[in-house]
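Q: So that you have it, the file is protein.cif, and it contains mmCIF, C-alpha atoms:
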data_protein
loop_
_atom_site.label_atom_id
_atom_site.label_comp_id
_atom_site.auth_asym_id
_atom_site.auth_seq_id
_atom_site.Cartn_x
_atom_site.Cartn_y
_atom_site.Cartn_z
CA MET A 30 0.00 0.00 0.00
CA GLY A 31 2.85 2.37 0.91
CA GLN A 32 4.61 1.56 -2.34
CA ARG A 33 1.50 2.39 -4.38
CA LEU A 34 1.11 5.67 -2.53
CA LEU A 35 4.73 6.54 -3.24
CA GLN A 36 4.28 5.75 -6.96
CA ALA A 37 1.19 7.95 -7.12
CA MET A 38 3.04 10.84 -5.44
CA VAL A 39 5.95 10.53 -7.88
CA ALA A 40 3.58 10.46 -10.88
CA THR A 41 1.80 13.58 -9.60
CA LEU A 42 5.11 15.37 -9.14
CA LEU A 43 6.19 14.52 -12.70
CA VAL A 44 2.94 15.88 -14.13
CA VAL A 45 3.39 19.15 -12.18
CA LEU A 46 7.00 19.50 -13.35
CA LEU A 47 6.05 18.87 -16.96
CA MET A 48 3.26 21.42 -16.85
CA ASN A 49 5.49 24.06 -15.30
CA GLY A 50 8.23 23.35 -17.83
CA ALA A 51 5.82 23.67 -20.73
CA ALA A 52 4.61 26.99 -19.38
CA ALA A 53 8.21 28.20 -19.28
CA ILE A 54 8.80 27.35 -22.95
CA PRO A 55 8.15 30.45 -25.08
CA ARG A 56 5.49 29.97 -27.74
CA PHE A 57 6.30 31.31 -31.25
CA SER A 58 3.56 31.93 -33.77
CA ARG A 59 4.26 31.08 -37.43
CA PRO A 60 5.36 34.25 -39.24
CA GLU A 61 2.83 35.72 -41.64
CA PRO A 62 3.88 35.34 -45.31
CA ALA A 63 5.00 38.54 -46.99
CA PRO A 64 2.14 40.10 -48.98
CA ARG A 65 2.40 39.57 -52.71
CA PRO A 66 2.56 42.67 -54.88
CA PRO A 67 -0.77 43.34 -56.58
CA ALA A 68 -1.06 41.96 -60.09
CA PRO A 69 -1.32 44.57 -62.83
CA GLU A 70 -4.93 45.37 -63.57
CA VAL A 71 -5.04 44.44 -67.25
CA PRO A 72 -8.36 43.17 -68.61
CA ALA A 73 -8.20 39.81 -70.35
CA VAL A 74 -11.01 40.75 -72.70
CA ALA A 75 -12.59 43.97 -73.85
CA ASP A 76 -14.16 46.07 -71.13
CA PRO A 77 -17.12 48.15 -72.32
CA ALA A 78 -15.67 51.09 -70.37
CA ILE A 79 -12.38 50.91 -72.26
CA PRO A 80 -12.38 51.08 -76.06
CA PRO A 81 -10.61 47.89 -77.13
CA ASP A 82 -7.97 49.67 -79.20
CA ARG A 83 -6.93 51.66 -76.10
CA VAL A 84 -5.06 48.80 -74.46
CA PRO A 85 -3.86 49.78 -70.95
CA LEU A 86 -0.12 49.06 -70.98
CA PRO A 87 2.91 49.47 -68.75
CA VAL A 88 5.45 51.95 -70.05
CA PRO A 89 7.76 50.24 -72.54
CA PRO A 90 11.52 50.50 -72.06
CA ASP A 91 13.28 53.06 -74.25
CA PRO A 92 15.65 50.90 -76.32
CA ILE A 93 18.04 53.79 -76.99
CA PRO A 94 18.07 56.37 -74.18
CA ASN A 95 18.73 59.74 -75.78
CA ASP A 96 17.89 63.03 -74.12
CA GLN A 97 17.87 64.75 -77.49
CA ARG A 98 15.16 62.51 -78.91
CA GLN A 99 11.56 63.51 -78.45
CA VAL A 100 9.37 60.48 -77.89
CA LEU A 101 5.64 60.49 -78.31
CA VAL A 102 4.05 59.74 -74.96
CA PRO A 103 0.25 59.97 -75.10
CA GLY A 104 -0.99 62.65 -72.73
CA LYS A 105 2.52 63.98 -72.06
CA ALA A 106 3.71 65.32 -75.41
CA ASP A 107 2.74 68.56 -77.08
CA LEU A 108 1.28 67.37 -80.37
CA SER A 109 0.09 70.77 -81.55
CA SER A 110 3.08 71.32 -83.87
CA VAL A 111 3.98 67.78 -84.94
CA ARG A 112 2.51 65.30 -87.39
CA VAL A 113 1.38 62.33 -85.41
CA PRO A 114 2.92 59.22 -87.02
CA TYR A 115 0.15 56.81 -86.12
CA PRO A 116 -3.47 56.20 -87.14
CA VAL A 117 -6.16 57.68 -84.93
CA MET A 118 -8.85 55.01 -84.85
CA ARG A 119 -12.32 56.15 -85.85
CA GLU A 120 -15.81 54.74 -85.94
CA VAL A 121 -17.16 53.38 -89.21
CA ALA A 122 -20.74 53.14 -90.39
CA SER A 123 -21.49 49.44 -90.56
CA ARG A 124 -23.91 46.83 -89.31
CA TYR A 125 -20.93 44.54 -88.84
CA THR A 126 -19.01 44.65 -85.57
CA PRO A 127 -16.68 41.75 -84.80
CA ARG A 128 -16.07 40.26 -81.38
CA GLN A 129 -13.10 42.05 -79.79
CA GLU A 130 -10.52 41.05 -77.20
CA ILE A 131 -7.51 42.60 -75.49
CA ALA A 132 -4.19 40.74 -75.10
CA PRO A 133 -1.48 43.17 -73.91
CA PRO A 134 2.11 42.13 -74.66
CA HIS A 135 5.13 42.15 -72.38
CA PRO A 136 6.68 45.66 -72.35
CA THR A 137 9.85 44.39 -74.04
CA ASN A 138 7.82 43.62 -77.15
CA PHE A 139 6.67 47.12 -78.07
CA GLY A 140 8.00 50.66 -77.84
CA TYR A 141 7.48 54.34 -78.45
CA ARG A 142 7.01 55.87 -81.85
CA PHE A 143 9.82 58.35 -82.37
CA LEU A 144 9.57 61.87 -83.75
CA THR A 145 13.24 61.77 -84.77
CA ASP A 146 15.37 58.93 -86.14
CA ALA A 147 18.56 57.54 -84.60
CA ALA A 148 20.55 60.41 -86.09
CA GLY A 149 18.23 63.04 -84.60
CA ARG A 150 16.55 63.95 -87.89
CA PRO A 151 12.79 64.66 -87.72
CA VAL A 152 10.50 62.00 -89.20
CA ASN A 153 6.91 62.65 -90.24
CA ASN A 154 5.85 59.67 -92.37
CA ASP A 155 2.16 59.16 -92.94
CA PRO A 156 0.92 55.89 -91.42
CA ILE A 157 0.72 52.65 -93.40
CA VAL A 158 -1.06 49.35 -92.73
CA VAL A 159 1.10 46.22 -92.99
CA LEU A 160 -0.74 42.90 -93.33
CA HIS A 161 0.77 39.70 -91.88
CA GLU A 162 -0.12 36.15 -90.99
CA THR A 163 0.79 34.28 -87.81
CA VAL A 164 2.06 31.06 -89.54
CA GLY A 165 1.31 29.30 -86.23
CA SER A 166 -1.88 29.56 -84.18
CA ALA A 167 -3.18 32.80 -82.74
CA SER A 168 -2.59 31.48 -79.22
CA SER A 169 1.03 30.69 -80.03
CA ALA A 170 1.61 34.21 -81.37
CA LEU A 171 -0.02 35.84 -78.34
CA ASN A 172 2.07 33.72 -75.97
CA THR A 173 5.19 34.87 -77.81
CA PHE A 174 4.19 38.51 -77.35
CA ARG A 175 3.55 37.96 -73.63
CA THR A 176 6.99 36.41 -73.15
CA PRO A 177 9.81 38.77 -72.04
CA HIS A 178 12.44 39.26 -74.74
CA PRO A 179 15.35 41.31 -73.35
CA ASN A 180 17.33 40.68 -76.55
CA ASP A 181 16.28 43.28 -79.14
CA ALA A 182 16.63 40.79 -81.99
CA ASP A 183 13.91 38.56 -80.45
CA GLN A 184 11.30 41.25 -79.81
CA ARG A 185 8.12 41.09 -81.89
CA SER A 186 4.45 42.05 -81.86
CA TYR A 187 1.49 43.23 -83.94
CA HIS A 188 -0.97 45.97 -83.19
CA ALA A 189 -3.87 43.59 -83.81
CA LEU A 190 -4.51 39.97 -84.73
CA ILE A 191 -7.62 38.46 -86.33
CA ARG A 192 -8.58 34.92 -85.32
CA LEU A 193 -10.03 32.39 -87.75
CA ASN A 194 -13.52 33.14 -86.40
CA GLY A 195 -13.09 36.86 -87.12
CA THR A 196 -12.40 37.96 -83.53
CA VAL A 197 -10.19 41.06 -83.45
CA VAL A 198 -7.50 40.84 -80.76
CA TYR A 199 -5.95 44.20 -79.83
CA ILE A 200 -2.33 43.82 -78.72
CA VAL A 201 -0.46 47.15 -79.00
CA PRO A 202 -2.34 50.49 -79.13
CA PRO A 203 -1.87 52.46 -82.36
CA GLU A 204 0.15 55.26 -80.75
CA TYR A 205 2.89 52.78 -79.83
CA ARG A 206 5.37 51.07 -82.13
CA ALA A 207 4.79 47.35 -82.62
CA PHE A 208 7.76 45.25 -83.72
CA GLY A 209 6.12 43.68 -86.76
CA ALA A 210 8.79 44.09 -89.44
CA GLY A 211 12.56 44.07 -89.18
CA ASN A 212 14.60 45.09 -92.21
CA SER A 213 11.84 46.76 -94.25
CA VAL A 214 11.03 49.57 -96.68
CA PHE A 215 7.71 50.87 -98.00
CA ASP A 216 7.76 51.82 -101.68
CA GLY A 217 4.65 53.94 -102.13
CA PRO A 218 3.32 57.13 -103.66
CA ASN A 219 5.87 59.19 -101.72
CA GLY A 220 8.83 57.05 -102.79
CA ARG A 221 11.06 54.96 -100.53
CA GLU A 222 10.08 55.22 -96.84
CA THR A 223 11.86 53.69 -93.86
CA VAL A 224 13.11 54.91 -90.48
CA ASN A 225 16.14 53.82 -88.46
CA THR A 226 15.42 54.05 -84.73
CA ASN A 227 18.31 51.82 -83.62
CA PRO A 228 21.75 52.10 -85.28
CA GLN A 229 22.46 48.48 -84.39
CA PHE A 230 19.72 47.25 -86.75
CA PRO A 231 18.60 47.99 -90.32
CA PRO A 232 15.88 50.63 -90.79
CA SER A 233 12.26 49.51 -90.83
CA VAL A 234 8.69 50.69 -91.36
CA ASN A 235 7.72 50.05 -87.73
CA ASN A 236 7.82 53.70 -86.71
CA PHE A 237 4.89 54.56 -89.00
CA ALA A 238 3.22 51.16 -89.49
CA TYR A 239 0.02 49.71 -88.08
CA HIS A 240 0.54 45.94 -88.12
CA ILE A 241 -2.44 43.59 -88.54
CA SER A 242 -2.00 39.82 -88.68
CA LEU A 243 -4.37 37.09 -89.83
CA GLU A 244 -4.34 33.76 -88.03
CA THR A 245 -3.03 31.11 -90.41
CA PRO A 246 -5.33 28.14 -91.14
CA GLY A 247 -4.25 24.71 -89.94
CA ASP A 248 -2.94 23.59 -93.32
CA GLY A 249 -0.62 26.61 -93.49
CA ARG A 250 1.46 25.86 -90.42
CA GLY A 251 4.68 25.44 -92.38
CA ASN A 252 6.88 26.96 -95.07
CA GLN A 253 4.85 26.02 -98.14
CA ALA A 254 4.12 28.77 -100.65
CA ARG A 255 0.32 28.62 -100.24
CA HIS A 256 -2.44 27.31 -98.03
CA SER A 257 -6.25 27.09 -98.12
CA GLY A 258 -6.70 30.81 -97.39
CA TYR A 259 -8.44 32.89 -94.77
CA THR A 260 -12.04 32.70 -93.61
CA SER A 261 -14.85 35.00 -94.69
CA ALA A 262 -15.07 36.26 -91.12
CA GLN A 263 -11.38 37.19 -91.20
CA TYR A 264 -11.74 39.20 -94.41
CA GLN A 265 -14.79 40.99 -93.02
CA SER A 266 -13.06 41.86 -89.75
CA LEU A 267 -9.89 42.89 -91.56
CA ALA A 268 -11.84 45.31 -93.76
CA TRP A 269 -13.68 46.68 -90.71
CA LEU A 270 -10.49 47.22 -88.71
CA THR A 271 -8.54 48.70 -91.62
CA ALA A 272 -11.40 51.11 -92.33
CA ARG A 273 -11.14 52.30 -88.73
CA THR A 274 -7.55 53.43 -89.33
CA GLY A 275 -8.60 55.82 -92.10
CA ILE A 276 -5.42 54.91 -94.03
CA PRO A 277 -5.86 55.12 -97.84
CA THR A 278 -5.59 51.98 -99.94
CA ASN A 279 -2.36 53.12 -101.60
CA ARG A 280 -0.71 52.91 -98.18
CA ILE A 281 -1.95 49.40 -97.37
CA THR A 282 0.75 46.83 -97.99
CA THR A 283 1.98 43.38 -96.90
CA HIS A 284 4.90 42.07 -94.93
CA ARG A 285 6.15 40.37 -98.09
CA ALA A 286 6.16 43.68 -99.99
CA VAL A 287 8.05 45.69 -97.35
CA ASP A 288 10.51 42.97 -96.31
CA ARG A 289 14.14 43.43 -97.36
CA SER A 290 15.54 40.37 -95.60
CA GLY A 291 14.24 38.00 -98.29
CA SER A 292 12.69 35.74 -95.65
CA ARG A 293 9.08 36.93 -95.40
CA SER A 294 6.23 35.91 -97.71
CA ASP A 295 3.16 36.65 -95.59
CA PRO A 296 0.28 36.86 -95.85
CA ARG A 297 0.26 33.84 -98.16
CA SER A 298 -2.81 33.07 -100.26
CA PHE A 299 -4.17 36.54 -99.56
CA ASP A 300 -6.98 37.74 -101.86
CA ARG A 301 -6.33 41.48 -102.08
CA GLU A 302 -9.21 42.15 -104.45
CA ARG A 303 -11.67 40.47 -102.11
CA PHE A 304 -10.30 42.51 -99.22
CA LEU A 305 -10.49 45.83 -101.12
CA ALA A 306 -14.06 45.11 -102.21
CA LEU A 307 -15.09 44.63 -98.59
CA LEU A 308 -13.10 47.66 -97.48
CA GLY A 309 -15.03 49.81 -99.96
CA GLN A 310 -18.29 48.93 -98.23
CA PHE A 311 -17.34 50.74 -95.04
CA ALA A 312 -17.99 54.48 -94.77
CA GLY A 313 -16.30 56.84 -92.36
#
In structure tokens, what does this structure look like?

A:
Amino acid sequence: MGQRLLQAMVATLLVVLLMNGAAAIPRFSRPEPAPRPPAPEVPAVADPAIPPDRVPLPVPPDPIPNDQRQVLVPGKADLSSVRVPYPVMREVASRYTPRQEIAPPHPTNFGYRFLTDAAGRPVNNDPIVVLHETVGSASSALNTFRTPHPNDADQRSYHALIRLNGTVVYIVPPEYRAFGAGNSVFDGPNGRETVNTNPQFPPSVNNFAYHISLETPGDGRGNQARHSGYTSAQYQSLAWLTARTGIPTNRITTHRAVDRSGSRSDPRSFDRERFLALLGQFAG
């Protein structure tokens, strides 16, 4: 009996010691994770409150910092005495309005339009439209534009892309320079036109071009000379969008026509007469 009492007293003492020891151990709460920076508020699709061609974008990096160069920054530049080298989108009278989306690119894949070239000489080219095709799918092209490209030679984008179903995807707003054509020259009614904005690369039409690309059909995903062509919805949306730019037909060209690298043939299987006939149906 005495032994059992002694065992009970020892057990009680151990419990008391353990409880007191636990109370003496400091308690640490798990640290709160650092708050994540807010994601940029960029709509994935067109917002009725924001005209689709006014894509909200982060400021692109200036590829050639130069205090002597005047860059066109919407809302910050005095445009009263300069010719604006980009199309100002307008409404067109039409019963046809395509579905529209917004897909902003990474800021490395677009830039400012310059008012002077790399040598500091003023440039005032009238805008042109350059027609392209994606060669791959529309999704593949958009993913490329969303991917950071710190190397200048890899940077690329269009102002707009037209899916096979006629949906117009706005990528770069018209007041910015899309990287749609590298070594390029426009031979038009005013003669030979091109602008060098980076002395490390050949001159191009990008500074005064509005680039529109058609999604290539499935049988054109390669290097063959032709494919089955573009859909009726694509031609209709292309005419609608081009009419919005207000650019005359003699300043509408193709990537193949302006290219000087000898490597571009897009848009393949393009029916220009069909396109111009549809374009003529839209009134300003």

Q: Residues at most 9 Å from Ile281 (chain A), counting all atoms listed in the file, excluding those fewer than 4 positions away in the same chain, as a list in words?

A: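 Contacts, in chain order: Ile157, Val158, Val159, Leu160, Thr271, Ile276 and Pro277 of chain A.
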
Q: I'd like to know which of A:Ala268, A:Val224, A:Ala167, A:Val201 is closest to Thr145 (chain A), using only C-alpha atoms.

A: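 Between A:Ala268, A:Val224, A:Ala167, A:Val201, the residue approaching Thr145 (chain A) most closely is A:Val224.
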
Q: Convert the output of the PyMOL selection byres ((chain A and resi 247-261) around 7) on the shown file into explicit residues, formatted as a PyMOL selection string.

A: chain A and resi 164-165+193+245-246+262-265+297-299

Q: If you apply the PyMOL selection byres ((chain A and resi 115) around 8) to this file, what residues do you get, as a ChimeraX atom specification?

A: /A:113-114,116-117,155-156,203-205,237-239

Q: Using all atoms listed in the file, which protein or nucleic acid residues come within 9 Å of Pro179 (chain A)? Drop anything in the same chain fewer than 5 positions from it, and give the result as a list in words.

A: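 Close residues of Pro179 (chain A): Thr137, Asn138 and Gln184 of chain A.
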
Q: Take the residues from that selection and write them out as a PDB file, keeping the file's coordinate frame, keeping C-alpha atoms.

A:
ATOM      1  CA  THR A 137       9.850  44.390 -74.040  1.00  0.00           C
ATOM      2  CA  ASN A 138       7.820  43.620 -77.150  1.00  0.00           C
ATOM      3  CA  GLN A 184      11.300  41.250 -79.810  1.00  0.00           C
TER       4      GLN A 184
END

Q: Which polymer residues have any atom within 12 Å of an atom of Ile241 (chain A), counting all atoms listed in the file, with same-chain residues fewer than 2 positions away left out, as JSON, numbers by chain?

A: {"A": [157, 158, 159, 160, 161, 162, 163, 186, 187, 188, 189, 190, 191, 192, 197, 198, 199, 200, 201, 202, 203, 207, 208, 209, 210, 238, 239, 243, 244, 263, 264, 266, 267, 268, 269, 270, 271, 274, 281, 282, 283, 284, 295, 296]}

Q: Let's have the selection written as a CSV table (one decimal), in the frame of the given file, with C-alpha atoms.

A:
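File written: result_8.csv
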chain,number,residue,atom,x,y,z
A,157,ILE,CA,0.7,52.6,-93.4
A,158,VAL,CA,-1.1,49.4,-92.7
A,159,VAL,CA,1.1,46.2,-93.0
A,160,LEU,CA,-0.7,42.9,-93.3
A,161,HIS,CA,0.8,39.7,-91.9
A,162,GLU,CA,-0.1,36.2,-91.0
A,163,THR,CA,0.8,34.3,-87.8
A,186,SER,CA,4.4,42.0,-81.9
A,187,TYR,CA,1.5,43.2,-83.9
A,188,HIS,CA,-1.0,46.0,-83.2
A,189,ALA,CA,-3.9,43.6,-83.8
A,190,LEU,CA,-4.5,40.0,-84.7
A,191,ILE,CA,-7.6,38.5,-86.3
A,192,ARG,CA,-8.6,34.9,-85.3
A,197,VAL,CA,-10.2,41.1,-83.4
A,198,VAL,CA,-7.5,40.8,-80.8
A,199,TYR,CA,-6.0,44.2,-79.8
A,200,ILE,CA,-2.3,43.8,-78.7
A,201,VAL,CA,-0.5,47.2,-79.0
A,202,PRO,CA,-2.3,50.5,-79.1
A,203,PRO,CA,-1.9,52.5,-82.4
A,207,ALA,CA,4.8,47.4,-82.6
A,208,PHE,CA,7.8,45.2,-83.7
A,209,GLY,CA,6.1,43.7,-86.8
A,210,ALA,CA,8.8,44.1,-89.4
A,238,ALA,CA,3.2,51.2,-89.5
A,239,TYR,CA,0.0,49.7,-88.1
A,243,LEU,CA,-4.4,37.1,-89.8
A,244,GLU,CA,-4.3,33.8,-88.0
A,263,GLN,CA,-11.4,37.2,-91.2
A,264,TYR,CA,-11.7,39.2,-94.4
A,266,SER,CA,-13.1,41.9,-89.8
A,267,LEU,CA,-9.9,42.9,-91.6
A,268,ALA,CA,-11.8,45.3,-93.8
A,269,TRP,CA,-13.7,46.7,-90.7
A,270,LEU,CA,-10.5,47.2,-88.7
A,271,THR,CA,-8.5,48.7,-91.6
A,274,THR,CA,-7.6,53.4,-89.3
A,281,ILE,CA,-2.0,49.4,-97.4
A,282,THR,CA,0.8,46.8,-98.0
A,283,THR,CA,2.0,43.4,-96.9
A,284,HIS,CA,4.9,42.1,-94.9
A,295,ASP,CA,3.2,36.6,-95.6
A,296,PRO,CA,0.3,36.9,-95.8

Q: One number please: CA of Asn225 (chain A) to CA of Arg175 (chain A), in Å, one decimal.

A: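 Taking CA of Asn225 (chain A) as the start and CA of Arg175 (chain A) as the end point, the length is 25.1 Å.
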
Q: Name the residues captured by the PyMOL selection byres ((chain A and resi 311) around 7) when it is applied to the shown file; answer as an NGL selection string.

A: :A and (121-123 or 269 or 272 or 308-310 or 312-313)

Q: Could you check which of A:Pro231, A:Pro151, A:Gly275, A:Gly140 is closest to Ser213 (chain A), using only C-alpha atoms?

A: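 Going through A:Pro231, A:Pro151, A:Gly275, A:Gly140 one by one, the smallest distance to Ser213 (chain A) is for A:Pro231.
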
Q: Counting all atoms listed in the file, which of A:Arg206, A:Asn212, A:Glu130, A:Met118 gets nearest to Gln229 (chain A)?

A: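 Once distances to Gln229 (chain A) are computed over all atoms listed in the file, the minimum belongs to A:Asn212.
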
Q: Taking all atoms of region 227-241 of chain A that the file lists and extending 5 Å past them on each side, where is the centre of the axis-aligned box and how long are its edges? Answer in Å to one decimal, as lines of an AutoDock Vina configuration file.

A:
center_x = 10.0
center_y = 49.1
center_z = -87.5
size_x = 34.9
size_y = 21.0
size_z = 17.7

Q: For Thr196 (chain A), which residue out of A:Ala170, A:Leu307, A:Ile131, A:Ala286 is the nearest one, using all atoms listed in the file?

A: A:Ile131

Q: State, in Å with one decimal place, the distance from CA of Arg221 (chain A) to CA of Ala306 (chain A).

A: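 It comes out at 27.0 Å.
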
Q: Missing atoms in region 154-177 of chain A should be modelled up to N, CA and C atoms and reported as a CSV table (one decimal), in the frame of the given file.

A:
chain,number,residue,atom,x,y,z
A,154,ASN,N,6.5,60.5,-91.4
A,154,ASN,CA,5.8,59.7,-92.4
A,154,ASN,C,4.4,59.5,-92.1
A,155,ASP,N,3.6,59.5,-93.1
A,155,ASP,CA,2.2,59.2,-92.9
A,155,ASP,C,2.1,57.7,-92.6
A,156,PRO,N,1.0,57.3,-91.8
A,156,PRO,CA,0.9,55.9,-91.4
A,156,PRO,C,0.7,55.0,-92.6
A,157,ILE,N,1.1,53.7,-92.5
A,157,ILE,CA,0.7,52.6,-93.4
A,157,ILE,C,0.1,51.5,-92.6
A,158,VAL,N,-0.6,50.6,-93.3
A,158,VAL,CA,-1.1,49.4,-92.7
A,158,VAL,C,-0.2,48.2,-93.4
A,159,VAL,N,0.3,47.4,-92.5
A,159,VAL,CA,1.1,46.2,-93.0
A,159,VAL,C,0.3,45.0,-92.6
A,160,LEU,N,0.0,44.1,-93.6
A,160,LEU,CA,-0.7,42.9,-93.3
A,160,LEU,C,0.2,41.7,-93.2
A,161,HIS,N,-0.1,40.9,-92.2
A,161,HIS,CA,0.8,39.7,-91.9
A,161,HIS,C,-0.1,38.5,-91.8
A,162,GLU,N,0.6,37.3,-91.5
A,162,GLU,CA,-0.1,36.2,-91.0
A,162,GLU,C,0.7,35.5,-89.9
A,163,THR,N,0.1,34.8,-89.0
A,163,THR,CA,0.8,34.3,-87.8
A,163,THR,C,1.7,33.1,-88.1
A,164,VAL,N,1.4,32.3,-89.2
A,164,VAL,CA,2.1,31.1,-89.5
A,164,VAL,C,1.7,30.0,-88.5
A,165,GLY,N,1.8,30.2,-87.2
A,165,GLY,CA,1.3,29.3,-86.2
A,165,GLY,C,-0.1,29.7,-85.8
A,166,SER,N,-0.5,29.2,-84.7
A,166,SER,CA,-1.9,29.6,-84.2
A,166,SER,C,-1.9,30.9,-83.6
A,167,ALA,N,-3.1,31.5,-83.4
A,167,ALA,CA,-3.2,32.8,-82.7
A,167,ALA,C,-2.7,32.7,-81.3
A,168,SER,N,-3.0,31.6,-80.6
A,168,SER,CA,-2.6,31.5,-79.2
A,168,SER,C,-1.1,31.4,-79.1
A,169,SER,N,-0.4,30.8,-80.0
A,169,SER,CA,1.0,30.7,-80.0
A,169,SER,C,1.6,32.1,-80.2
A,170,ALA,N,1.1,32.9,-81.1
A,170,ALA,CA,1.6,34.2,-81.4
A,170,ALA,C,1.4,35.1,-80.1
A,171,LEU,N,0.2,35.0,-79.5
A,171,LEU,CA,0.0,35.8,-78.3
A,171,LEU,C,0.9,35.5,-77.2
A,172,ASN,N,1.2,34.2,-77.0
A,172,ASN,CA,2.1,33.7,-76.0
A,172,ASN,C,3.5,34.3,-76.2
A,173,THR,N,3.9,34.3,-77.5
A,173,THR,CA,5.2,34.9,-77.8
A,173,THR,C,5.3,36.3,-77.4
A,174,PHE,N,4.2,37.1,-77.7
A,174,PHE,CA,4.2,38.5,-77.4
A,174,PHE,C,4.2,38.8,-75.8
A,175,ARG,N,3.6,37.8,-75.1
A,175,ARG,CA,3.6,38.0,-73.6
A,175,ARG,C,4.9,37.6,-73.0
A,176,THR,N,5.7,36.9,-73.7
A,176,THR,CA,7.0,36.4,-73.2
A,176,THR,C,8.0,37.5,-73.2
A,177,PRO,N,8.8,37.7,-72.0
A,177,PRO,CA,9.8,38.8,-72.0
A,177,PRO,C,10.9,38.4,-73.0
